[in-house]
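Down below is the structure, laid out as structure tokens.
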Amino acid sequence: MPNAPRLETRDLVRRFDGTAVVDHVSLSLEPGNVTCLLGPSGCGKSTTLRMIAGVEMQDSGEIYVDGNLVCDTVFRVPPERRSIGLMFQDFALFPHLSVGENVAFGLKGAGSERKARARALLDRVGLVHYIDEYPHQLSGGEQQRVALARALAPRPRIMLMDEPFSGLDNRLRDGIRDETLDVLKEEGSSVLLVTHEPEEAMRMADEIALMRGGRIVQQGAPYNIYNAPADKEAVAFFSDINVLRGTVRGALTETPFGQFLAPGVPDGQEVEIVFRPQHVSIDFDRNGRGPNPTDMAGTPARGVVERARFMGSESLVEFRMDFDGGVLRATVPNVFLPSRGTPLWLTVRRDRCFVFPVERSDAA
Ligand SMILES: Nc1ncnc2c1ncn2[C@@H]1O[C@H](COP(=O)(O)OP(=O)(O)OP(=O)(O)O)[C@@H](O)[C@H]1O
Ligand SMILES: [Mg+2]
């Protein structure tokens, strides 16, 4: 079917003991794109992937590849005929097969063709010199790259990867992530990569599908998810947050930092104004006065330093605010470690604040 998504799930549901751990998940992957399924532990990511792979049956919903139904609750294409490659955290190479035989394992056709394809992929991941060695002779990172080559060898239209990098140490991981991404892009597979790490998703994804409590709460480009988050939790998933409360009057809410727009929010509705520490600016106290208000930064508000910590590339400063005694956090590039009790003035980038209505159930 022309222009059909490479992979599509419609309203996938999986229940365990009566609870929906995957709750009407509808996802769509474009050819050649990397989509990250991102969410906290236990939100249903692996279960979603397992249903797509065909190793777990959904209670309802459908899965399509290139517009063709591969699975609903009646009809089911077996896993090996879905053109889906798999790579999981606990990937296992076959210990009794050589590296080359591992990569060629899932391939059909003549021996020479299979061998050539295995050689080409091992060459691509920089391990062709290990072709006749055995898995136990390779480091963890090298085994990971062999597993990638093996998963890609049959030219799957879709690659499903479940936390494939979590077994690697940090320094190795960045290199292997980038390398993997390059190989996946060259091979043209569509990738659905599961992770609970926002940095990994930001680094790898063309699209992020943010999952929570079995549901997709937002899907979009990393830039959009970061800068136009769907709710407070979506902001908090990527960074520390600051929260102010206010009540809307005439599509505006007044705060100690000035007015914030709340378009479309009815009068009397309580809202939370959510912003990240990196969008707080700090200015010096001038005998009890701060900088002049501006359109962009609004009104300054005074706080005193509660603590300041050096985090490596930035410093994190916590303030106790004069206006309500609450705590706000600011990050400052490089080293900025004012001593406890120092009065300073804070302003907030108004265009980087998110205003969300407070739902009754979570009203304080
Ligand atoms: N076979 C099963 N029987 C009962 N409950 C299950 C089963 N498989 C998963 N669950 C439950 O479903 C929920 C979602 O599990 P899943 O493995 O999909 O989460 P996840 O998002 O991959 O988490 P993590 O990031 O920790 O891997 C969890 O509460 C889990 O305990
Ligand atoms: Mg999981």
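Residues are referred to by chain and number: the chain letter is A, B, ... according to the order shown in the structure tokens, the number counts from 1 in that chain, and ligands are numbered separately from 1 in the order shown.
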Name all residues at most 12 Å from Ile225 (chain A) (count only C-alpha atoms; drop same-chain ones fewer than 3 positions away) and give them as a PyMOL selection string. chain A and resi 36+38+198+201-202+205-210+217-222+228-238
How about saving the chosen residues, C-alpha atoms kept, as a PDB file, in the first residue's frame?
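Listing of part_34.pdb after writing:
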ATOM      1  CA  CYS A  36      12.001   5.868  20.694  1.00  0.00           C
ATOM      2  CA  LEU A  38      10.354   6.376  26.164  1.00  0.00           C
ATOM      3  CA  PRO A 198      15.593  10.671  28.075  1.00  0.00           C
ATOM      4  CA  ALA A 201      15.980   9.073  23.293  1.00  0.00           C
ATOM      5  CA  MET A 202      17.096  12.641  22.511  1.00  0.00           C
ATOM      6  CA  ALA A 205      15.299   9.486  17.950  1.00  0.00           C
ATOM      7  CA  ASP A 206      13.690  11.115  14.955  1.00  0.00           C
ATOM      8  CA  GLU A 207      10.458  10.730  16.897  1.00  0.00           C
ATOM      9  CA  ILE A 208       9.800  10.128  20.561  1.00  0.00           C
ATOM     10  CA  ALA A 209       6.656   8.387  21.792  1.00  0.00           C
ATOM     11  CA  LEU A 210       6.312   9.208  25.454  1.00  0.00           C
ATOM     12  CA  VAL A 217       0.889  10.560  26.227  1.00  0.00           C
ATOM     13  CA  GLN A 218       2.671  12.362  23.405  1.00  0.00           C
ATOM     14  CA  GLN A 219       4.433  11.547  20.135  1.00  0.00           C
ATOM     15  CA  GLY A 220       6.608  13.938  18.157  1.00  0.00           C
ATOM     16  CA  ALA A 221      10.095  15.131  17.277  1.00  0.00           C
ATOM     17  CA  PRO A 222      12.440  15.429  20.286  1.00  0.00           C
ATOM     18  CA  ALA A 228       5.914  21.778  23.798  1.00  0.00           C
ATOM     19  CA  PRO A 229       5.345  19.084  26.408  1.00  0.00           C
ATOM     20  CA  ALA A 230       1.842  17.704  26.890  1.00  0.00           C
ATOM     21  CA  ASP A 231       1.741  17.977  30.670  1.00  0.00           C
ATOM     22  CA  LYS A 232       3.791  18.590  33.795  1.00  0.00           C
ATOM     23  CA  GLU A 233       5.051  14.998  33.952  1.00  0.00           C
ATOM     24  CA  ALA A 234       6.299  15.280  30.369  1.00  0.00           C
ATOM     25  CA  VAL A 235       8.358  18.328  31.380  1.00  0.00           C
ATOM     26  CA  ALA A 236       9.637  16.564  34.490  1.00  0.00           C
ATOM     27  CA  PHE A 237      10.705  13.480  32.571  1.00  0.00           C
ATOM     28  CA  PHE A 238      13.475  15.447  30.837  1.00  0.00           C
TER      29      PHE A 238
END
So that I can see what lies close to Asn33 (chain A), please list as a PyMOL selection string the residues with an atom at most 12 Å from it, counting only C-alpha atoms and leaving out residues fewer than 4 positions away in the same chain. chain A and resi 5-7+28-29+157-159+181-182+184-193+204-208+221
Going by DSSP on the backbone, which bits of region 45-109 of chain A are strand (DSSP E)? Write them as a compact mmCIF listing (two decimals) with C-alpha atoms, in the first residue's frame, please.
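The resulting file, out-v7.txt, is reproduced below:
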# COMPACT_ATOMS: atom_id res chain seq x y z
CA SER A 60 -7.29 -6.40 21.41
CA GLY A 61 -5.97 -4.12 18.70
CA GLU A 62 -4.15 -4.65 15.41
CA ILE A 63 -0.62 -4.48 14.01
CA TYR A 64 0.14 -3.55 10.39
CA VAL A 65 3.41 -3.67 8.42
CA ASN A 68 -0.82 -5.18 5.66
CA LEU A 69 -2.39 -6.71 8.73
CA VAL A 70 0.10 -8.97 10.53
CA CYS A 71 -1.86 -9.57 13.72
CA ILE A 84 11.19 -7.76 12.06
CA GLY A 85 14.68 -7.85 13.59
CA LEU A 86 15.10 -8.00 17.33
CA MET A 87 17.79 -6.80 19.66
CA PHE A 88 17.28 -6.98 23.38
Per residue of chain A within 10 Å of ligand 1, record the nearest atom pair and its distance in Å to one decimal, counting only C-alpha atoms and all ligand atoms, with rows in chain order and ascending residue number, as JSON lines.
{"residue": "A:Arg14", "atom": "CA", "partner": "ligand 1", "partner_atom_place_in_ligand_line": "12 (O)", "distance": 8.6}
{"residue": "A:Arg15", "atom": "CA", "partner": "ligand 1", "partner_atom_place_in_ligand_line": "12 (O)", "distance": 8.0}
{"residue": "A:Phe16", "atom": "CA", "partner": "ligand 1", "partner_atom_place_in_ligand_line": "4 (C)", "distance": 5.0}
{"residue": "A:Asp17", "atom": "CA", "partner": "ligand 1", "partner_atom_place_in_ligand_line": "4 (C)", "distance": 7.0}
{"residue": "A:Gly18", "atom": "CA", "partner": "ligand 1", "partner_atom_place_in_ligand_line": "4 (C)", "distance": 10.0}
{"residue": "A:Thr19", "atom": "CA", "partner": "ligand 1", "partner_atom_place_in_ligand_line": "12 (O)", "distance": 8.6}
{"residue": "A:Ala20", "atom": "CA", "partner": "ligand 1", "partner_atom_place_in_ligand_line": "12 (O)", "distance": 8.2}
{"residue": "A:Val21", "atom": "CA", "partner": "ligand 1", "partner_atom_place_in_ligand_line": "12 (O)", "distance": 5.0}
{"residue": "A:Val22", "atom": "CA", "partner": "ligand 1", "partner_atom_place_in_ligand_line": "14 (C)", "distance": 7.4}
{"residue": "A:Leu37", "atom": "CA", "partner": "ligand 1", "partner_atom_place_in_ligand_line": "21 (O)", "distance": 9.0}
{"residue": "A:Leu38", "atom": "CA", "partner": "ligand 1", "partner_atom_place_in_ligand_line": "21 (O)", "distance": 8.3}
{"residue": "A:Gly39", "atom": "CA", "partner": "ligand 1", "partner_atom_place_in_ligand_line": "21 (O)", "distance": 6.5}
{"residue": "A:Pro40", "atom": "CA", "partner": "ligand 1", "partner_atom_place_in_ligand_line": "25 (O)", "distance": 5.8}
{"residue": "A:Ser41", "atom": "CA", "partner": "ligand 1", "partner_atom_place_in_ligand_line": "25 (O)", "distance": 3.4}
{"residue": "A:Gly42", "atom": "CA", "partner": "ligand 1", "partner_atom_place_in_ligand_line": "19 (O)", "distance": 3.5}
{"residue": "A:Cys43", "atom": "CA", "partner": "ligand 1", "partner_atom_place_in_ligand_line": "21 (O)", "distance": 4.0}
{"residue": "A:Gly44", "atom": "CA", "partner": "ligand 1", "partner_atom_place_in_ligand_line": "18 (O)", "distance": 3.2}
{"residue": "A:Lys45", "atom": "CA", "partner": "ligand 1", "partner_atom_place_in_ligand_line": "21 (O)", "distance": 3.7}
{"residue": "A:Ser46", "atom": "CA", "partner": "ligand 1", "partner_atom_place_in_ligand_line": "22 (O)", "distance": 3.6}
{"residue": "A:Thr47", "atom": "CA", "partner": "ligand 1", "partner_atom_place_in_ligand_line": "18 (O)", "distance": 3.7}
{"residue": "A:Thr48", "atom": "CA", "partner": "ligand 1", "partner_atom_place_in_ligand_line": "18 (O)", "distance": 6.4}
{"residue": "A:Leu49", "atom": "CA", "partner": "ligand 1", "partner_atom_place_in_ligand_line": "18 (O)", "distance": 8.0}
{"residue": "A:Arg50", "atom": "CA", "partner": "ligand 1", "partner_atom_place_in_ligand_line": "18 (O)", "distance": 8.4}
{"residue": "A:Glu56", "atom": "CA", "partner": "ligand 1", "partner_atom_place_in_ligand_line": "1 (N)", "distance": 8.8}
{"residue": "A:Gln89", "atom": "CA", "partner": "ligand 1", "partner_atom_place_in_ligand_line": "27 (O)", "distance": 9.8}
{"residue": "A:Asp162", "atom": "CA", "partner": "ligand 1", "partner_atom_place_in_ligand_line": "22 (O)", "distance": 8.0}
{"residue": "A:Glu163", "atom": "CA", "partner": "ligand 1", "partner_atom_place_in_ligand_line": "27 (O)", "distance": 7.9}
{"residue": "A:Val194", "atom": "CA", "partner": "ligand 1", "partner_atom_place_in_ligand_line": "22 (O)", "distance": 7.7}
{"residue": "A:Thr195", "atom": "CA", "partner": "ligand 1", "partner_atom_place_in_ligand_line": "25 (O)", "distance": 6.8}
{"residue": "A:His196", "atom": "CA", "partner": "ligand 1", "partner_atom_place_in_ligand_line": "25 (O)", "distance": 5.6}
{"residue": "A:Glu197", "atom": "CA", "partner": "ligand 1", "partner_atom_place_in_ligand_line": "25 (O)", "distance": 9.2}
{"residue": "A:Met211", "atom": "CA", "partner": "ligand 1", "partner_atom_place_in_ligand_line": "21 (O)", "distance": 8.2}
{"residue": "A:Arg212", "atom": "CA", "partner": "ligand 1", "partner_atom_place_in_ligand_line": "21 (O)", "distance": 8.4}
{"residue": "A:Gly213", "atom": "CA", "partner": "ligand 1", "partner_atom_place_in_ligand_line": "14 (C)", "distance": 8.4}
{"residue": "A:Gly214", "atom": "CA", "partner": "ligand 1", "partner_atom_place_in_ligand_line": "14 (C)", "distance": 7.5}
Include N, CA and C atoms and write out the residues we just selected as a compact mmCIF listing (two decimals), in the first residue's frame.
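Output contents, as saved in out37.txt:
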# COMPACT_ATOMS: atom_id res chain seq x y z
N ARG A 14 -3.08 -4.87 26.29
CA ARG A 14 -2.68 -6.11 26.95
C ARG A 14 -2.98 -5.98 28.43
N ARG A 15 -3.73 -6.93 28.94
CA ARG A 15 -4.08 -6.90 30.37
C ARG A 15 -3.40 -8.04 31.09
N PHE A 16 -2.92 -7.75 32.29
CA PHE A 16 -2.47 -8.81 33.20
C PHE A 16 -3.30 -8.69 34.46
N ASP A 17 -3.91 -9.76 34.90
CA ASP A 17 -4.75 -9.76 36.10
C ASP A 17 -5.77 -8.61 36.06
N GLY A 18 -6.37 -8.40 34.92
CA GLY A 18 -7.44 -7.39 34.82
C GLY A 18 -6.96 -5.96 34.66
N THR A 19 -5.63 -5.72 34.80
CA THR A 19 -5.12 -4.35 34.65
C THR A 19 -4.51 -4.20 33.26
N ALA A 20 -4.88 -3.12 32.57
CA ALA A 20 -4.30 -2.89 31.24
C ALA A 20 -2.90 -2.32 31.41
N VAL A 21 -1.86 -3.09 31.15
CA VAL A 21 -0.49 -2.56 31.23
C VAL A 21 -0.10 -1.90 29.91
N VAL A 22 -0.77 -2.29 28.83
CA VAL A 22 -0.69 -1.55 27.56
C VAL A 22 -2.13 -1.20 27.23
N LEU A 37 10.49 4.65 22.10
CA LEU A 37 9.40 4.49 23.04
C LEU A 37 10.02 4.73 24.41
N LEU A 38 9.67 5.89 24.97
CA LEU A 38 10.35 6.38 26.16
C LEU A 38 9.37 6.46 27.32
N GLY A 39 9.75 5.92 28.47
CA GLY A 39 8.87 6.03 29.62
C GLY A 39 9.47 5.36 30.83
N PRO A 40 8.90 5.63 32.01
CA PRO A 40 9.48 5.09 33.23
C PRO A 40 9.33 3.57 33.32
N SER A 41 10.07 2.98 34.22
CA SER A 41 10.04 1.54 34.41
C SER A 41 8.62 1.05 34.70
N GLY A 42 8.24 -0.02 34.04
CA GLY A 42 6.93 -0.62 34.30
C GLY A 42 5.77 -0.01 33.54
N CYS A 43 6.05 0.94 32.62
CA CYS A 43 4.94 1.62 31.94
C CYS A 43 4.39 0.82 30.76
N GLY A 44 5.04 -0.31 30.42
CA GLY A 44 4.48 -1.16 29.36
C GLY A 44 5.25 -1.15 28.05
N LYS A 45 6.49 -0.63 28.07
CA LYS A 45 7.27 -0.53 26.84
C LYS A 45 7.61 -1.91 26.27
N SER A 46 8.18 -2.76 27.12
CA SER A 46 8.62 -4.07 26.62
C SER A 46 7.43 -4.91 26.18
N THR A 47 6.33 -4.80 26.91
CA THR A 47 5.13 -5.56 26.54
C THR A 47 4.65 -5.13 25.16
N THR A 48 4.70 -3.83 24.88
CA THR A 48 4.32 -3.32 23.56
C THR A 48 5.22 -3.92 22.47
N LEU A 49 6.52 -3.89 22.75
CA LEU A 49 7.48 -4.41 21.77
C LEU A 49 7.28 -5.91 21.53
N ARG A 50 7.00 -6.62 22.61
CA ARG A 50 6.83 -8.08 22.50
C ARG A 50 5.60 -8.43 21.66
N GLU A 56 4.18 -12.14 22.12
CA GLU A 56 3.15 -11.94 23.14
C GLU A 56 1.88 -11.57 22.38
N GLN A 89 18.29 -6.30 25.43
CA GLN A 89 19.37 -6.03 26.37
C GLN A 89 20.20 -7.30 26.63
N ASP A 162 15.20 -3.32 22.52
CA ASP A 162 14.72 -3.08 23.89
C ASP A 162 15.92 -2.82 24.79
N GLU A 163 16.15 -1.56 25.14
CA GLU A 163 17.26 -1.15 26.00
C GLU A 163 18.56 -1.84 25.56
N VAL A 194 13.28 0.97 22.57
CA VAL A 194 12.74 1.20 23.91
C VAL A 194 13.83 1.69 24.84
N THR A 195 13.54 2.74 25.57
CA THR A 195 14.49 3.20 26.58
C THR A 195 13.75 3.93 27.69
N HIS A 196 14.35 3.93 28.89
CA HIS A 196 13.77 4.77 29.95
C HIS A 196 14.66 5.99 30.19
N GLU A 197 15.68 6.17 29.33
CA GLU A 197 16.60 7.29 29.52
C GLU A 197 16.31 8.40 28.51
N MET A 211 5.57 7.40 26.88
CA MET A 211 4.59 6.44 27.40
C MET A 211 4.52 6.54 28.91
N ARG A 212 3.32 6.43 29.44
CA ARG A 212 3.14 6.46 30.90
C ARG A 212 1.89 5.67 31.24
N GLY A 213 2.02 4.79 32.21
CA GLY A 213 0.86 4.02 32.66
C GLY A 213 0.14 3.30 31.53
N GLY A 214 0.93 2.75 30.59
CA GLY A 214 0.33 1.96 29.52
C GLY A 214 -0.17 2.76 28.33
Per residue of region 132-244 of chain A within 7 Å of region 265-278 of chain A, which atom pair is closest and at what distance in Å (one decimal), using only C-alpha atoms, listed by chain and increasing number, as JSON lines?
{"residue": "A:Lys232", "atom": "CA", "partner": "A:Val274", "partner_atom": "CA", "distance": 6.9}
{"residue": "A:Ser239", "atom": "CA", "partner": "A:Arg276", "partner_atom": "CA", "distance": 6.8}
{"residue": "A:Asp240", "atom": "CA", "partner": "A:Arg276", "partner_atom": "CA", "distance": 6.2}
{"residue": "A:Ile241", "atom": "CA", "partner": "A:Arg276", "partner_atom": "CA", "distance": 4.7}
{"residue": "A:Asn242", "atom": "CA", "partner": "A:Phe275", "partner_atom": "CA", "distance": 5.3}
{"residue": "A:Val243", "atom": "CA", "partner": "A:Val274", "partner_atom": "CA", "distance": 4.7}
{"residue": "A:Leu244", "atom": "CA", "partner": "A:Ile273", "partner_atom": "CA", "distance": 5.0}
Please write the residues from the selection above to a file, keeping N, CA and C atoms, as a CSV table (one decimal), in the first residue's frame.
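Now in result-v7.csv:
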chain,number,residue,atom,x,y,z
A,232,LYS,N,2.7,18.3,32.8
A,232,LYS,CA,3.8,18.6,33.8
A,232,LYS,C,4.7,17.4,33.9
A,239,SER,N,13.9,16.9,32.8
A,239,SER,CA,14.7,17.7,33.6
A,239,SER,C,14.1,17.9,35.0
A,240,ASP,N,14.8,18.5,35.9
A,240,ASP,CA,14.2,19.1,37.1
A,240,ASP,C,13.2,20.1,36.7
A,241,ILE,N,12.2,20.4,37.5
A,241,ILE,CA,11.2,21.4,37.2
A,241,ILE,C,11.0,22.3,38.4
A,242,ASN,N,10.6,23.6,38.1
A,242,ASN,CA,10.1,24.5,39.1
A,242,ASN,C,8.6,24.6,38.8
A,243,VAL,N,7.8,24.8,39.9
A,243,VAL,CA,6.3,24.9,39.7
A,243,VAL,C,5.8,26.1,40.5
A,244,LEU,N,5.1,27.0,39.9
A,244,LEU,CA,4.3,28.0,40.6
A,244,LEU,C,2.8,27.8,40.4
Which neighbours of region 136-138 of chain A fall inside 10 Å, counting only C-alpha atoms, when residues of the same chain fewer than 3 positions from it are skipped, and could you give them as JSON, numbers by chain? {"A": [93, 94, 95, 96, 98, 99, 127, 130, 133, 141, 142, 143, 144, 146]}
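Minimum distance to ligand 2 across A:Glu254, A:Asp174, A:Asp90, A:Glu8 (counting only C-alpha atoms and all ligand atoms) occurs at A:Asp90.
Nearest residue to ligand 2, choosing from A:Pro164, A:Thr73, A:His24, A:Ser83 and counting only C-alpha atoms and all ligand atoms: A:Pro164.
For Arg150 (chain A), the set of protein, DNA and RNA residues having any atom at most 8 Å away, when counting only C-alpha atoms and skipping those fewer than 3 positions along the same chain, is Asn102, Val103, Ala104, Phe105, Gly106, Ala118, Val146, Ala147, Ala153 and Pro154 of chain A.
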For N, CA and C atoms, I'd like the residues from the last selection saved as a tab-separated table (two decimals), in the first residue's frame.
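Full text of again_7.tsv as output:
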chain	number	residue	atom	x	y	z
A	102	ASN	N	27.40	-16.70	13.52
A	102	ASN	CA	26.35	-16.02	14.26
A	102	ASN	C	25.61	-15.03	13.38
A	103	VAL	N	26.38	-14.24	12.64
A	103	VAL	CA	25.76	-13.20	11.81
A	103	VAL	C	24.98	-13.83	10.66
A	104	ALA	N	25.50	-14.93	10.12
A	104	ALA	CA	24.84	-15.57	8.97
A	104	ALA	C	23.67	-16.46	9.39
A	105	PHE	N	23.48	-16.64	10.69
A	105	PHE	CA	22.55	-17.66	11.20
A	105	PHE	C	21.15	-17.58	10.60
A	106	GLY	N	20.57	-16.39	10.57
A	106	GLY	CA	19.17	-16.26	10.14
A	106	GLY	C	19.02	-16.10	8.64
A	118	ALA	N	27.38	-11.64	5.71
A	118	ALA	CA	27.91	-11.59	7.07
A	118	ALA	C	29.22	-10.80	7.10
A	146	VAL	N	28.30	-7.34	17.17
A	146	VAL	CA	28.01	-8.57	16.43
A	146	VAL	C	26.50	-8.83	16.45
A	147	ALA	N	25.89	-8.62	17.62
A	147	ALA	CA	24.44	-8.83	17.74
A	147	ALA	C	23.68	-7.90	16.80
A	153	ALA	N	21.30	-8.61	9.46
A	153	ALA	CA	21.70	-9.43	8.30
A	153	ALA	C	20.53	-9.78	7.37
A	154	PRO	N	19.39	-10.20	7.88
A	154	PRO	CA	18.28	-10.55	6.95
A	154	PRO	C	17.56	-9.33	6.36
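Straight-line separation from CA of Ala110 (chain A) to CA of Leu152 (chain A): 18.0 Å.
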Using DSSP on the backbone coordinates, identify the residues of region 26-232 of chain A assigned to helix (DSSP H, G or I); present them as a count of residues only. 83
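Proximity to Leu346 (chain A) was assessed for A:Thr35, A:Gln259, A:Thr331, A:Asn170 counting only C-alpha atoms; the smallest distance is recorded for A:Thr331.
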Thr342 (chain A) surroundings by only C-alpha atoms, 12 Å radius, close-in-sequence under 3 positions cut, as a PDB file with C-alpha atoms, in the first residue's frame:
ATOM      1  CA  ILE A 282      20.046  35.281  38.183  1.00  0.00           C
ATOM      2  CA  ASP A 283      20.944  38.916  38.835  1.00  0.00           C
ATOM      3  CA  PHE A 284      22.608  40.722  41.708  1.00  0.00           C
ATOM      4  CA  ASP A 285      20.926  42.541  44.547  1.00  0.00           C
ATOM      5  CA  GLY A 288      17.269  45.544  47.944  1.00  0.00           C
ATOM      6  CA  ARG A 302      14.064  37.940  45.230  1.00  0.00           C
ATOM      7  CA  GLY A 303      15.287  34.822  46.953  1.00  0.00           C
ATOM      8  CA  VAL A 304      18.191  33.831  49.165  1.00  0.00           C
ATOM      9  CA  VAL A 305      20.616  31.049  48.333  1.00  0.00           C
ATOM     10  CA  GLU A 306      19.820  27.868  50.202  1.00  0.00           C
ATOM     11  CA  ARG A 307      22.570  25.761  48.610  1.00  0.00           C
ATOM     12  CA  ALA A 308      24.744  25.704  45.514  1.00  0.00           C
ATOM     13  CA  VAL A 317      21.588  26.853  42.845  1.00  0.00           C
ATOM     14  CA  GLU A 318      18.584  26.488  45.139  1.00  0.00           C
ATOM     15  CA  PHE A 319      16.768  29.567  46.380  1.00  0.00           C
ATOM     16  CA  ARG A 320      14.255  30.155  49.124  1.00  0.00           C
ATOM     17  CA  MET A 321      11.920  32.751  47.654  1.00  0.00           C
ATOM     18  CA  LEU A 337      28.699  28.937  43.869  1.00  0.00           C
ATOM     19  CA  PRO A 338      27.276  31.839  45.890  1.00  0.00           C
ATOM     20  CA  SER A 339      27.300  31.245  49.637  1.00  0.00           C
ATOM     21  CA  TRP A 345      17.090  38.218  42.001  1.00  0.00           C
TER      22      TRP A 345
END
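If only C-alpha atoms and all ligand atoms are the atoms counted, then among A:Ile131, A:Val125, A:Arg76, A:Met161 the closest residue to ligand 2 is A:Met161.
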Restricting to only C-alpha atoms, whichever of A:Ile216, A:Leu148, A:Asp169, A:Arg114 is closest to Val13 (chain A) is A:Ile216
Tell me which of A:Ser166, A:Thr255, A:Thr294, A:Thr299 sits closest to ligand 2, counting only C-alpha atoms and all ligand atoms. A:Ser166
